[in-house]
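Heads up, input.pdb below (PDB, C-alpha atoms):
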```
ATOM      1  CA  MET A  26       0.000   0.000   0.000
ATOM      2  CA  SER A  27       1.283   3.440  -0.903
ATOM      3  CA  ALA A  28       0.295   6.938   0.154
ATOM      4  CA  PRO A  29      -2.221   8.694  -2.122
ATOM      5  CA  GLY A  30       0.404  11.092  -3.479
ATOM      6  CA  LYS A  31      -0.259  13.118  -6.600
ATOM      7  CA  GLY A  32      -3.391  12.351  -8.585
ATOM      8  CA  VAL A  33      -6.286  13.373 -10.779
ATOM      9  CA  LEU A  34      -9.846  13.392  -9.495
ATOM     10  CA  VAL A  35     -12.406  13.243 -12.311
ATOM     11  CA  LEU A  36     -15.538  15.097 -11.257
ATOM     12  CA  GLY A  37     -18.955  15.194 -12.872
ATOM     13  CA  MET A  38     -22.515  14.048 -12.494
ATOM     14  CA  HIS A  39     -23.311  10.436 -13.404
ATOM     15  CA  ARG A  40     -23.712   9.925 -17.176
ATOM     16  CA  SER A  41     -21.555  12.975 -17.992
ATOM     17  CA  GLY A  42     -18.668  11.284 -19.795
ATOM     18  CA  THR A  43     -16.490  10.786 -16.730
ATOM     19  CA  SER A  44     -15.693   7.170 -17.703
ATOM     20  CA  ALA A  45     -14.252   8.177 -21.074
ATOM     21  CA  ALA A  46     -12.404  11.097 -19.481
ATOM     22  CA  THR A  47     -10.876   8.807 -16.852
ATOM     23  CA  ARG A  48      -9.683   6.301 -19.424
ATOM     24  CA  LEU A  49      -8.134   9.007 -21.620
ATOM     25  CA  ILE A  50      -6.280  10.454 -18.625
ATOM     26  CA  ASN A  51      -5.124   6.937 -17.754
ATOM     27  CA  MET A  52      -3.760   6.599 -21.307
ATOM     28  CA  LEU A  53      -1.731   9.772 -20.707
ATOM     29  CA  GLY A  54       0.030   8.154 -17.753
ATOM     30  CA  PRO A  55      -1.797   8.264 -14.382
ATOM     31  CA  ALA A  56      -2.766   4.783 -13.193
ATOM     32  CA  THR A  57      -6.253   3.566 -12.352
ATOM     33  CA  CYS A  58      -6.949   1.330  -9.358
ATOM     34  CA  ARG A  59      -5.667  -2.257  -9.295
ATOM     35  CA  PRO A  60      -7.322  -4.284 -12.068
ATOM     36  CA  GLU A  61      -9.252  -6.690  -9.868
ATOM     37  CA  ASP A  62     -10.920  -3.719  -8.148
ATOM     38  CA  LEU A  63     -12.194  -2.139 -11.371
ATOM     39  CA  VAL A  64     -15.940  -2.078 -12.009
ATOM     40  CA  TRP A  65     -16.955  -3.647 -15.297
ATOM     41  CA  GLY A  66     -20.482  -3.763 -16.679
ATOM     42  CA  ALA A  67     -22.489  -3.718 -19.841
ATOM     43  CA  TRP A  68     -23.913  -0.218 -19.253
ATOM     44  CA  ASN A  69     -20.492   1.108 -20.243
ATOM     45  CA  PRO A  70     -19.241  -1.416 -22.806
ATOM     46  CA  SER A  71     -15.753   0.133 -22.698
ATOM     47  CA  GLY A  72     -15.585   0.165 -18.904
ATOM     48  CA  ASN A  73     -16.635   2.329 -15.972
ATOM     49  CA  TRP A  74     -13.052   2.814 -14.756
ATOM     50  CA  GLU A  75     -14.212   3.037 -11.143
ATOM     51  CA  SER A  76     -12.891   1.326  -8.021
ATOM     52  CA  ARG A  77     -15.387  -1.073  -6.478
ATOM     53  CA  SER A  78     -13.901  -0.669  -2.995
ATOM     54  CA  LEU A  79     -14.015   3.144  -3.190
ATOM     55  CA  ILE A  80     -17.622   3.076  -4.402
ATOM     56  CA  ARG A  81     -18.436   1.051  -1.296
ATOM     57  CA  LEU A  82     -16.574   3.517   0.888
ATOM     58  CA  ASP A  83     -18.314   6.517  -0.689
ATOM     59  CA  ASP A  84     -21.702   4.849  -0.235
ATOM     60  CA  LYS A  85     -20.806   4.275   3.418
ATOM     61  CA  LEU A  86     -19.762   7.905   3.919
ATOM     62  CA  LEU A  87     -23.013   9.117   2.369
ATOM     63  CA  ARG A  88     -25.048   6.753   4.565
ATOM     64  CA  GLN A  89     -23.316   8.212   7.612
ATOM     65  CA  MET A  90     -24.548  11.618   6.419
ATOM     66  CA  GLY A  91     -28.053  10.170   6.046
ATOM     67  CA  ARG A  92     -27.875  10.495   2.277
ATOM     68  CA  THR A  93     -27.266   8.440  -0.880
ATOM     69  CA  TRP A  94     -25.961   9.114  -4.371
ATOM     70  CA  TRP A  95     -29.568   9.638  -5.537
ATOM     71  CA  PHE A  96     -30.459  11.784  -2.489
ATOM     72  CA  PRO A  97     -27.356  13.970  -2.123
ATOM     73  CA  PRO A  98     -26.800  16.422   0.708
ATOM     74  CA  PRO A  99     -27.698  20.080   0.207
ATOM     75  CA  GLY A 100     -25.059  22.766   0.050
ATOM     76  CA  GLY A 101     -24.283  25.580   2.440
ATOM     77  CA  GLU A 102     -24.182  25.252   6.208
ATOM     78  CA  ARG A 103     -26.509  22.250   6.193
ATOM     79  CA  TYR A 104     -23.915  20.281   4.243
ATOM     80  CA  PHE A 105     -21.315  20.641   6.974
ATOM     81  CA  GLN A 106     -23.839  19.817   9.676
ATOM     82  CA  LEU A 107     -24.484  16.512   7.929
ATOM     83  CA  ALA A 108     -20.752  15.976   7.294
ATOM     84  CA  GLU A 109     -20.127  16.120  11.054
ATOM     85  CA  ARG A 110     -21.920  12.747  11.233
ATOM     86  CA  ILE A 111     -19.184  11.008   9.231
ATOM     87  CA  ARG A 112     -17.501   8.509  11.559
ATOM     88  CA  THR A 113     -14.944   7.113   9.124
ATOM     89  CA  SER A 114     -11.618   8.819   9.724
ATOM     90  CA  SER A 115      -9.443  10.311   7.022
ATOM     91  CA  ALA A 116      -6.678   7.913   8.073
ATOM     92  CA  LYS A 117      -8.899   4.898   7.412
ATOM     93  CA  ALA A 118     -10.070   6.348   4.096
ATOM     94  CA  ARG A 119      -6.431   6.875   3.054
ATOM     95  CA  ARG A 120      -5.715   3.221   3.790
ATOM     96  CA  VAL A 121      -8.670   2.098   1.679
ATOM     97  CA  PHE A 122      -7.579   4.438  -1.094
ATOM     98  CA  GLY A 123      -3.990   3.190  -0.906
ATOM     99  CA  ARG A 124      -5.106  -0.424  -1.226
ATOM    100  CA  ALA A 125      -7.096   0.471  -4.351
ATOM    101  CA  HIS A 126      -4.553   2.847  -5.899
ATOM    102  CA  ARG A 127      -1.084   1.466  -5.376
ATOM    103  CA  GLU A 128       0.733   3.760  -7.788
ATOM    104  CA  ALA A 129       1.061   7.506  -8.090
ATOM    105  CA  PRO A 130       0.240   9.531 -10.006
ATOM    106  CA  TRP A 131      -3.242   8.068 -10.117
ATOM    107  CA  VAL A 132      -6.581   8.912 -11.695
ATOM    108  CA  TRP A 133      -9.810   8.242  -9.801
ATOM    109  CA  LYS A 134     -13.412   8.659 -10.822
ATOM    110  CA  ASP A 135     -16.539   8.079  -8.774
ATOM    111  CA  PRO A 136     -19.408  10.560  -9.203
ATOM    112  CA  ARG A 137     -20.185  10.083  -5.510
ATOM    113  CA  ALA A 138     -16.930  11.897  -4.752
ATOM    114  CA  CYS A 139     -18.616  15.063  -6.071
ATOM    115  CA  LEU A 140     -20.829  14.852  -2.981
ATOM    116  CA  LEU A 141     -17.901  14.216  -0.634
ATOM    117  CA  LEU A 142     -15.348  16.648  -2.000
ATOM    118  CA  PRO A 143     -14.465  18.378   1.323
ATOM    119  CA  PHE A 144     -13.791  14.973   2.911
ATOM    120  CA  TRP A 145     -11.648  13.752   0.033
ATOM    121  CA  ARG A 146      -9.721  17.007  -0.325
ATOM    122  CA  ALA A 147      -8.773  16.772   3.342
ATOM    123  CA  THR A 148      -7.972  13.063   3.019
ATOM    124  CA  LEU A 149      -5.923  13.077  -0.187
ATOM    125  CA  GLY A 150      -4.037  16.297   0.402
ATOM    126  CA  ALA A 151      -2.799  19.133  -1.757
ATOM    127  CA  GLY A 152      -1.424  16.998  -4.600
ATOM    128  CA  VAL A 153      -4.862  16.455  -6.132
ATOM    129  CA  VAL A 154      -6.100  18.230  -9.255
ATOM    130  CA  ALA A 155      -9.569  17.894 -10.785
ATOM    131  CA  ILE A 156     -10.972  17.472 -14.259
ATOM    132  CA  LEU A 157     -14.652  18.374 -14.414
ATOM    133  CA  ALA A 158     -16.911  16.911 -17.108
ATOM    134  CA  VAL A 159     -19.990  18.983 -17.982
ATOM    135  CA  ARG A 160     -23.023  17.650 -19.863
ATOM    136  CA  ASN A 161     -26.436  19.090 -20.674
ATOM    137  CA  PRO A 162     -28.726  18.159 -17.751
ATOM    138  CA  LEU A 163     -31.469  16.935 -20.082
ATOM    139  CA  GLU A 164     -29.089  14.403 -21.619
ATOM    140  CA  VAL A 165     -28.112  13.233 -18.149
ATOM    141  CA  ALA A 166     -31.774  12.999 -17.151
ATOM    142  CA  ASP A 167     -32.609  11.040 -20.313
ATOM    143  CA  SER A 168     -29.853   8.558 -19.507
ATOM    144  CA  LEU A 169     -30.926   8.174 -15.877
ATOM    145  CA  HIS A 170     -34.514   7.660 -17.018
ATOM    146  CA  ARG A 171     -33.459   4.815 -19.304
ATOM    147  CA  ARG A 172     -31.208   3.337 -16.646
ATOM    148  CA  HIS A 173     -33.407   3.616 -13.550
ATOM    149  CA  GLY A 174     -36.846   4.684 -14.770
ATOM    150  CA  VAL A 175     -36.727   7.913 -12.743
ATOM    151  CA  PRO A 176     -38.698  10.982 -13.926
ATOM    152  CA  LEU A 177     -36.810  13.420 -16.108
ATOM    153  CA  ARG A 178     -37.353  16.291 -13.676
ATOM    154  CA  PHE A 179     -35.768  14.174 -10.930
ATOM    155  CA  GLY A 180     -32.725  13.651 -13.153
ATOM    156  CA  VAL A 181     -32.379  17.391 -13.727
ATOM    157  CA  ALA A 182     -32.696  18.035  -9.973
ATOM    158  CA  LEU A 183     -29.964  15.486  -9.312
ATOM    159  CA  TRP A 184     -27.725  17.129 -11.922
ATOM    160  CA  GLU A 185     -28.386  20.526 -10.327
ATOM    161  CA  ARG A 186     -27.461  19.350  -6.827
ATOM    162  CA  TYR A 187     -24.283  17.544  -7.925
ATOM    163  CA  ASN A 188     -22.945  20.445  -9.936
ATOM    164  CA  ARG A 189     -23.771  23.050  -7.315
ATOM    165  CA  LEU A 190     -21.818  21.019  -4.764
ATOM    166  CA  ILE A 191     -18.863  20.788  -7.140
ATOM    167  CA  LEU A 192     -18.901  24.551  -7.719
ATOM    168  CA  GLU A 193     -19.129  25.164  -3.995
ATOM    169  CA  HIS A 194     -16.474  22.717  -2.817
ATOM    170  CA  ALA A 195     -13.837  22.718  -5.601
ATOM    171  CA  ARG A 196     -12.955  26.352  -4.979
ATOM    172  CA  GLY A 197      -9.186  26.846  -4.858
ATOM    173  CA  MET A 198      -8.297  23.546  -6.560
ATOM    174  CA  PRO A 199      -6.468  23.267  -9.873
ATOM    175  CA  VAL A 200      -9.366  22.377 -12.202
ATOM    176  CA  LEU A 201      -9.832  21.758 -15.902
ATOM    177  CA  VAL A 202     -13.464  22.205 -17.002
ATOM    178  CA  SER A 203     -14.486  20.408 -20.198
ATOM    179  CA  ARG A 204     -17.677  19.545 -22.059
ATOM    180  CA  TYR A 205     -18.888  16.045 -22.778
ATOM    181  CA  GLU A 206     -19.581  16.822 -26.423
ATOM    182  CA  ASP A 207     -16.079  18.241 -26.944
ATOM    183  CA  LEU A 208     -14.559  15.000 -25.695
ATOM    184  CA  LEU A 209     -16.735  12.987 -28.077
ATOM    185  CA  ASP A 210     -16.254  15.275 -31.077
ATOM    186  CA  ASP A 211     -12.465  15.539 -30.858
ATOM    187  CA  PRO A 212     -10.832  13.255 -28.266
ATOM    188  CA  ALA A 213      -7.359  14.101 -29.572
ATOM    189  CA  ALA A 214      -7.889  17.815 -28.882
ATOM    190  CA  TRP A 215      -9.390  16.925 -25.493
ATOM    191  CA  CYS A 216      -6.290  14.876 -24.644
ATOM    192  CA  GLU A 217      -4.055  17.744 -25.747
ATOM    193  CA  SER A 218      -5.908  20.127 -23.437
ATOM    194  CA  ALA A 219      -5.800  17.671 -20.528
ATOM    195  CA  SER A 220      -2.111  16.979 -21.125
ATOM    196  CA  ALA A 221      -1.269  20.695 -21.120
ATOM    197  CA  PHE A 222      -3.207  21.199 -17.888
ATOM    198  CA  LEU A 223      -1.632  18.231 -16.116
ATOM    199  CA  SER A 224       1.875  19.110 -17.290
ATOM    200  CA  GLN A 225       1.386  22.629 -15.966
ATOM    201  CA  GLU A 226       0.419  21.108 -12.620
ATOM    202  CA  GLY A 227       3.621  19.067 -12.463
ATOM    203  CA  PHE A 228       2.536  15.676 -13.834
ATOM    204  CA  ASP A 229       5.077  13.672 -15.805
ATOM    205  CA  LEU A 230       3.059  12.225 -18.681
ATOM    206  CA  LYS A 231       3.603   9.811 -21.523
ATOM    207  CA  GLY A 232       2.791  10.632 -25.136
ATOM    208  CA  ALA A 233      -0.764  11.061 -26.361
ATOM    209  CA  PRO A 234      -2.614   7.866 -27.325
ATOM    210  CA  GLY A 235      -3.177   7.086 -30.978
ATOM    211  CA  ASP A 236      -6.497   7.565 -32.731
ATOM    212  CA  GLU A 237      -7.119   3.819 -32.847
ATOM    213  CA  GLU A 238      -6.559   3.471 -29.109
ATOM    214  CA  MET A 239      -8.871   6.382 -28.331
ATOM    215  CA  ALA A 240     -11.565   4.970 -30.602
ATOM    216  CA  GLU A 241     -11.806   1.922 -28.329
ATOM    217  CA  PHE A 242     -13.143   4.137 -25.550
ATOM    218  CA  VAL A 243     -14.627   7.224 -27.187
ATOM    219  CA  ASP A 244     -17.399   6.286 -29.589
ATOM    220  CA  PRO A 245     -19.934   9.012 -30.517
ATOM    221  CA  SER A 246     -22.439   6.294 -31.480
ATOM    222  CA  ARG A 247     -22.789   5.480 -27.778
ATOM    223  CA  ARG A 248     -24.290   8.917 -27.159
ATOM    224  CA  HIS A 249     -27.975   8.046 -26.883
ATOM    225  CA  SER A 250     -29.313  11.546 -26.181
ATOM    226  CA  THR A 251     -28.552  14.888 -27.823
ATOM    227  CA  ARG A 252     -30.116  18.007 -26.314
ATOM    228  CA  THR A 253     -29.473  21.702 -26.820
ATOM    229  CA  ARG A 254     -29.486  24.765 -24.611
ATOM    230  CA  SER A 255     -32.769  25.737 -26.299
ATOM    231  CA  ASP A 256     -34.271  22.414 -25.195
ATOM    232  CA  LEU A 257     -33.159  23.167 -21.658
ATOM    233  CA  ALA A 258     -34.644  26.686 -21.792
ATOM    234  CA  THR A 259     -37.963  25.143 -22.807
ATOM    235  CA  GLU A 260     -38.101  22.027 -20.622
ATOM    236  CA  ALA A 261     -36.066  22.867 -17.506
ATOM    237  CA  PRO A 262     -35.192  26.583 -17.427
ATOM    238  CA  ASP A 263     -34.419  26.386 -13.693
ATOM    239  CA  ALA A 264     -31.139  24.612 -14.549
ATOM    240  CA  LEU A 265     -29.938  27.200 -17.056
ATOM    241  CA  ALA A 266     -28.078  29.364 -14.546
ATOM    242  CA  THR A 267     -25.976  26.450 -13.304
ATOM    243  CA  LEU A 268     -25.180  25.221 -16.822
ATOM    244  CA  ASP A 269     -24.226  28.754 -17.882
ATOM    245  CA  ALA A 270     -21.972  29.080 -14.835
ATOM    246  CA  LEU A 271     -20.224  25.814 -15.672
ATOM    247  CA  GLU A 272     -19.759  26.692 -19.332
ATOM    248  CA  SER A 273     -18.401  30.123 -18.428
ATOM    249  CA  LEU A 274     -15.583  28.262 -16.667
ATOM    250  CA  LEU A 275     -14.483  26.065 -19.591
ATOM    251  CA  GLY A 276     -10.707  25.726 -19.652
ATOM    252  CA  SER A 277      -7.986  25.393 -17.040
ATOM    253  CA  HIS A 278      -7.798  27.100 -13.656
ATOM    254  CA  SER A 279      -4.769  26.975 -11.376
ATOM    255  CA  ALA A 280      -7.064  28.003  -8.508
ATOM    256  CA  PHE A 281     -10.741  27.396  -9.282
ATOM    257  CA  ASP A 282     -12.861  30.475  -8.597
ATOM    258  CA  PRO A 283     -16.453  29.799  -9.675
ATOM    259  CA  PRO A 284     -19.105  32.495  -9.566
ATOM    260  CA  ARG A 285     -21.488  32.656  -6.643
ATOM    261  CA  LEU A 286     -24.872  31.277  -7.624
ATOM    262  CA  ALA A 287     -28.233  32.347  -6.307
ATOM    263  CA  PRO A 288     -29.566  30.004  -3.608
ATOM    264  CA  GLU A 289     -30.778  26.649  -4.842
ATOM    265  CA  ALA A 290     -34.470  26.695  -5.784
ATOM    266  CA  ALA A 291     -36.818  24.835  -3.440
ATOM    267  CA  TRP A 292     -38.020  22.500  -6.207
ATOM    268  CA  VAL A 293     -34.669  20.669  -6.244
ATOM    269  CA  GLU A 294     -34.975  19.310  -2.701
ATOM    270  CA  GLU A 295     -38.682  18.694  -3.190
ATOM    271  CA  GLU A 296     -38.027  16.654  -6.327
ATOM    272  CA  LEU A 297     -35.218  14.636  -4.737
ATOM    273  CA  ALA A 298     -37.361  13.943  -1.669
ATOM    274  CA  LEU A 299     -40.037  12.311  -3.839
ATOM    275  CA  ILE A 300     -37.740   9.298  -4.123
ATOM    276  CA  GLY A 301     -35.710   9.870  -0.970
ATOM    277  CA  PRO A 302     -32.899   7.831   0.571
ATOM    278  CA  GLU A 303     -34.894   4.688   1.392
ATOM    279  CA  THR A 304     -36.019   3.827  -2.144
ATOM    280  CA  GLN A 305     -33.743   1.438  -4.000
ATOM    281  CA  LEU A 306     -33.599   2.522  -7.621
ATOM    282  CA  SER A 307     -34.431  -0.245 -10.064
ATOM    283  CA  TRP A 308     -32.144  -1.254 -12.903
ATOM    284  CA  GLN A 309     -33.331  -1.361 -16.487
ATOM    285  CA  THR A 310     -31.104  -3.245 -18.885
ATOM    286  CA  PRO A 311     -30.041  -0.963 -21.746
ATOM    287  CA  PRO A 312     -30.942  -2.333 -25.202
ATOM    288  CA  TRP A 313     -27.326  -2.481 -26.330
ATOM    289  CA  ALA A 314     -26.428  -4.681 -23.319
ATOM    290  CA  ALA A 315     -29.285  -7.068 -24.104
ATOM    291  CA  ARG A 316     -28.197  -7.283 -27.745
ATOM    292  CA  SER A 317     -24.625  -8.080 -26.772
ATOM    293  CA  GLY A 318     -25.685 -10.707 -24.277
ATOM    294  CA  GLY A 319     -23.862  -8.939 -21.472
ATOM    295  CA  SER A 320     -24.904  -8.706 -17.857
ATOM    296  CA  ALA A 321     -26.097  -5.188 -17.127
ATOM    297  CA  ALA A 322     -25.190  -5.569 -13.492
ATOM    298  CA  GLY A 323     -21.591  -6.514 -14.280
ATOM    299  CA  PRO A 324     -19.540  -8.743 -11.976
ATOM    300  CA  ALA A 325     -20.915  -9.370  -8.511
ATOM    301  CA  PRO A 326     -19.251  -7.310  -5.760
ATOM    302  CA  GLY A 327     -15.902  -8.854  -5.052
ATOM    303  CA  GLY A 328     -16.158 -11.089  -8.120
ATOM    304  CA  ARG A 329     -12.902 -11.920  -9.863
ATOM    305  CA  GLY A 330     -13.788 -13.682 -13.093
ATOM    306  CA  ARG A 331     -10.679 -14.828 -14.964
ATOM    307  CA  TRP A 332     -11.695 -13.353 -18.322
ATOM    308  CA  ASN A 333     -12.369  -9.926 -16.869
ATOM    309  CA  ILE A 334      -9.128  -9.829 -14.909
ATOM    310  CA  ARG A 335      -7.014 -10.801 -17.921
ATOM    311  CA  ARG A 336      -8.739  -8.098 -19.963
ATOM    312  CA  LEU A 337      -8.482  -5.445 -17.285
ATOM    313  CA  ARG A 338      -4.816  -6.119 -16.589
ATOM    314  CA  ARG A 339      -4.096  -5.252 -20.204
ATOM    315  CA  LEU A 340      -6.130  -2.058 -19.973
ATOM    316  CA  ALA A 341      -5.696  -0.664 -16.499
ATOM    317  CA  HIS A 342      -2.148   0.632 -16.651
ATOM    318  CA  PRO A 343      -0.559   2.751 -19.378
ATOM    319  CA  ARG A 344       2.542   0.554 -19.516
ATOM    320  CA  ALA A 345       0.327  -2.388 -20.428
ATOM    321  CA  LEU A 346      -1.725  -0.832 -23.210
ATOM    322  CA  VAL A 347      -2.814  -2.945 -26.117
ATOM    323  CA  ARG A 348      -4.166  -1.827 -29.456
ATOM    324  CA  ARG A 349      -7.456  -3.686 -29.226
ATOM    325  CA  PHE A 350      -9.509  -5.902 -26.989
ATOM    326  CA  ARG A 351      -8.955  -9.586 -27.714
TER     327      ARG A 351
END
```

Can I see the file as structure tokens?
Amino acid sequence: MSAPGKGVLVLGMHRSGTSAATRLINMLGPATCRPEDLVWGAWNPSGNWESRSLIRLDDKLLRQMGRTWWFPPPGGERYFQLAERIRTSSAKARRVFGRAHREAPWVWKDPRACLLLPFWRATLGAGVVAILAVRNPLEVADSLHRRHGVPLRFGVALWERYNRLILEHARGMPVLVSRYEDLLDDPAAWCESASAFLSQEGFDLKGAPGDEEMAEFVDPSRRHSTRTRSDLATEAPDALATLDALESLLGSHSAFDPPRLAPEAAWVEEELALIGPETQLSWQTPPWAARSGGSAAGPAPGGRGRWNIRRLRRLAHPRALVRRFR
């Protein structure tokens, strides 16, 4: 087990392109978690690139706050009142992190970390930079609706809460803000931007991946929803201010200084409370998983199937890259 050291934290609401961003950063040099800890499932055919053990830890931290990933804590003073309930120490969290990420520099993505950013900033120390993925909230809501059957307005409320917490709690960090559609449209340019940002922050990187390698993980055909700002203005205008704030910040920031937003509208908490922390969200198998014969749930927790481990060992570390899946 090693200390957390220097690393990249990929931030963004679920279904915002954080998996592709994490893999591209990994291809630039920073290592993901150990292969047998990686989550693999048919919802993301090219991989989630998340640590199973850190997902469990983040779920535990949120439960201690009386919240869940689908019922996130509010911002402001109430957030820190709830955070005082966390019983897991930073020292224990560092040990869990070190068992998952044994090499530095590392790259870590779990959307739940957006809800726990003050805890993780204190735990991981000053060597952490962030890359924030931004996606139209209607596209996120569409994806969550297909995945869990939740109402679209609930998905927008969830997007609003996640991104407000990021804006509130990432202040002062080195942050690169990027759009989901820019990553899909031109992954090479996205990698160039990420590489410049990370190099500026002191990361020693390898060369950029080739087009063929990037195509394994960035496929525009996997984008199953395309919405515009005009759609948002018509269907969910309450989220426009937050999206505009995020897009005004596109680019790199050595010390993130987001604008102050007006207080969160009451409808966000009301919408989230309709489902609340006690409801277990159902899973709906995506059509492309059913066609491929894959298991939408992925490996069982703790599962270590031989095929998956062989495949992940080839993919999880930049020194072990291969051109294609076999």

Shortest interatomic distance to A:Leu192 - which of A:Leu86, A:Val243, A:Ala155, A:Cys58, counting only C-alpha atoms: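 Looking at the shortest contact to A:Leu192, the residue is A:Ala155.
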
Taking only residues of stretch 156-195 of chain A that have an atom at most 10 Å from an atom of stretch 101-113 of chain A, what is each one's shortest atom pair and its distance in Å to one decimal, using only C-alpha atoms, in chain and number order, as a Markdown table?
```
| residue | atom | partner | partner_atom | distance |
| --- | --- | --- | --- | --- |
| A:Leu190 | CA | A:Gly101 | CA | 8.9 |
| A:Glu193 | CA | A:Gly101 | CA | 8.3 |
| A:His194 | CA | A:Gly101 | CA | 9.8 |
```

Near-A:Glu206 list (10 Å; all atoms listed in the file; drop same-chain fewer than 4 positions) as a ChimeraX atom specification: /A:41-42,158-161,210-212,245,248,251

Could you please take those selected residues and save C-alpha atoms as a CSV table (one decimal), keeping the file's coordinate frame?
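selection27.csv, written as the output of this step:
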```
chain,number,residue,atom,x,y,z
A,41,SER,CA,-21.6,13.0,-18.0
A,42,GLY,CA,-18.7,11.3,-19.8
A,158,ALA,CA,-16.9,16.9,-17.1
A,159,VAL,CA,-20.0,19.0,-18.0
A,160,ARG,CA,-23.0,17.6,-19.9
A,161,ASN,CA,-26.4,19.1,-20.7
A,210,ASP,CA,-16.3,15.3,-31.1
A,211,ASP,CA,-12.5,15.5,-30.9
A,212,PRO,CA,-10.8,13.3,-28.3
A,245,PRO,CA,-19.9,9.0,-30.5
A,248,ARG,CA,-24.3,8.9,-27.2
A,251,THR,CA,-28.6,14.9,-27.8
```

Two-atom distance - atom CA of A:Thr253, atom CA of A:Pro162 (Å):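 Straight-line distance from atom CA of A:Thr253 to atom CA of A:Pro162 works out to 9.8 Å.
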
A:Ala151 surroundings by only C-alpha atoms, 10 Å radius, close-in-sequence under 5 positions cut, as a PyMOL selection string: chain A and resi 30-32+146+198-199

Nearest residue to A:Lys85 from the set A:Arg186, A:Arg178, A:Arg137, A:Arg127 (distances using only C-alpha atoms):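 Nearest to A:Lys85: A:Arg137.
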
Computed interatomic separation between atom CA of A:Glu75 and atom CA of A:Pro99 (Å): 24.5 Å

Minimum-distance residue to A:Asp62, chosen among A:Asp263, A:Val33, A:Arg81, A:Ala125 (using only C-alpha atoms):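 Distance minimum relative to A:Asp62 lands on A:Ala125.
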
A:Val154, A:Ile191, A:Ala213, A:Leu265 ranked by distance to A:Val132, top pick (using all atoms listed in the file):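 Between A:Val154, A:Ile191, A:Ala213, A:Leu265, the residue approaching A:Val132 most closely is A:Val154.
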
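For the choices A:Gly100, A:Tyr205, A:Arg124, A:Ser115, the atom-to-atom distance to A:Thr57 is smallest for A:Arg124 when using all atoms listed in the file.
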
If I only have part of stretch 180-192 of chain A, can you fill in N, CA and C atoms and write it as an mmCIF file, in the frame of the given file?
```
data_model
loop_
_atom_site.group_PDB
_atom_site.id
_atom_site.type_symbol
_atom_site.label_atom_id
_atom_site.label_comp_id
_atom_site.auth_asym_id
_atom_site.auth_seq_id
_atom_site.Cartn_x
_atom_site.Cartn_y
_atom_site.Cartn_z
ATOM 1 N N GLY A 180 -34.081 13.682 -12.629
ATOM 2 C CA GLY A 180 -32.725 13.651 -13.153
ATOM 3 C C GLY A 180 -32.104 15.030 -13.249
ATOM 4 N N VAL A 181 -32.884 16.022 -13.652
ATOM 5 C CA VAL A 181 -32.379 17.391 -13.727
ATOM 6 C C VAL A 181 -32.072 17.916 -12.321
ATOM 7 N N ALA A 182 -32.940 17.604 -11.357
ATOM 8 C CA ALA A 182 -32.696 18.035 -9.973
ATOM 9 C C ALA A 182 -31.402 17.423 -9.437
ATOM 10 N N LEU A 183 -31.183 16.159 -9.754
ATOM 11 C CA LEU A 183 -29.964 15.486 -9.312
ATOM 12 C C LEU A 183 -28.738 16.137 -9.941
ATOM 13 N N TRP A 184 -28.813 16.425 -11.234
ATOM 14 C CA TRP A 184 -27.725 17.129 -11.922
ATOM 15 C C TRP A 184 -27.458 18.481 -11.256
ATOM 16 N N GLU A 185 -28.520 19.208 -10.945
ATOM 17 C CA GLU A 185 -28.386 20.526 -10.327
ATOM 18 C C GLU A 185 -27.663 20.431 -8.985
ATOM 19 N N ARG A 186 -28.068 19.488 -8.154
ATOM 20 C CA ARG A 186 -27.461 19.350 -6.827
ATOM 21 C C ARG A 186 -25.991 18.949 -6.942
ATOM 22 N N TYR A 187 -25.671 17.981 -7.766
ATOM 23 C CA TYR A 187 -24.283 17.544 -7.925
ATOM 24 C C TYR A 187 -23.394 18.708 -8.355
ATOM 25 N N ASN A 188 -23.816 19.417 -9.385
ATOM 26 C CA ASN A 188 -22.945 20.445 -9.936
ATOM 27 C C ASN A 188 -22.831 21.654 -9.026
ATOM 28 N N ARG A 189 -23.875 21.966 -8.292
ATOM 29 C CA ARG A 189 -23.771 23.050 -7.315
ATOM 30 C C ARG A 189 -22.765 22.688 -6.215
ATOM 31 N N LEU A 190 -22.770 21.441 -5.784
ATOM 32 C CA LEU A 190 -21.818 21.019 -4.764
ATOM 33 C C LEU A 190 -20.386 21.066 -5.291
ATOM 34 N N ILE A 191 -20.199 20.681 -6.552
ATOM 35 C CA ILE A 191 -18.863 20.788 -7.140
ATOM 36 C C ILE A 191 -18.407 22.245 -7.160
ATOM 37 N N LEU A 192 -19.266 23.140 -7.656
ATOM 38 C CA LEU A 192 -18.901 24.551 -7.719
ATOM 39 C C LEU A 192 -18.591 25.114 -6.338
#
```
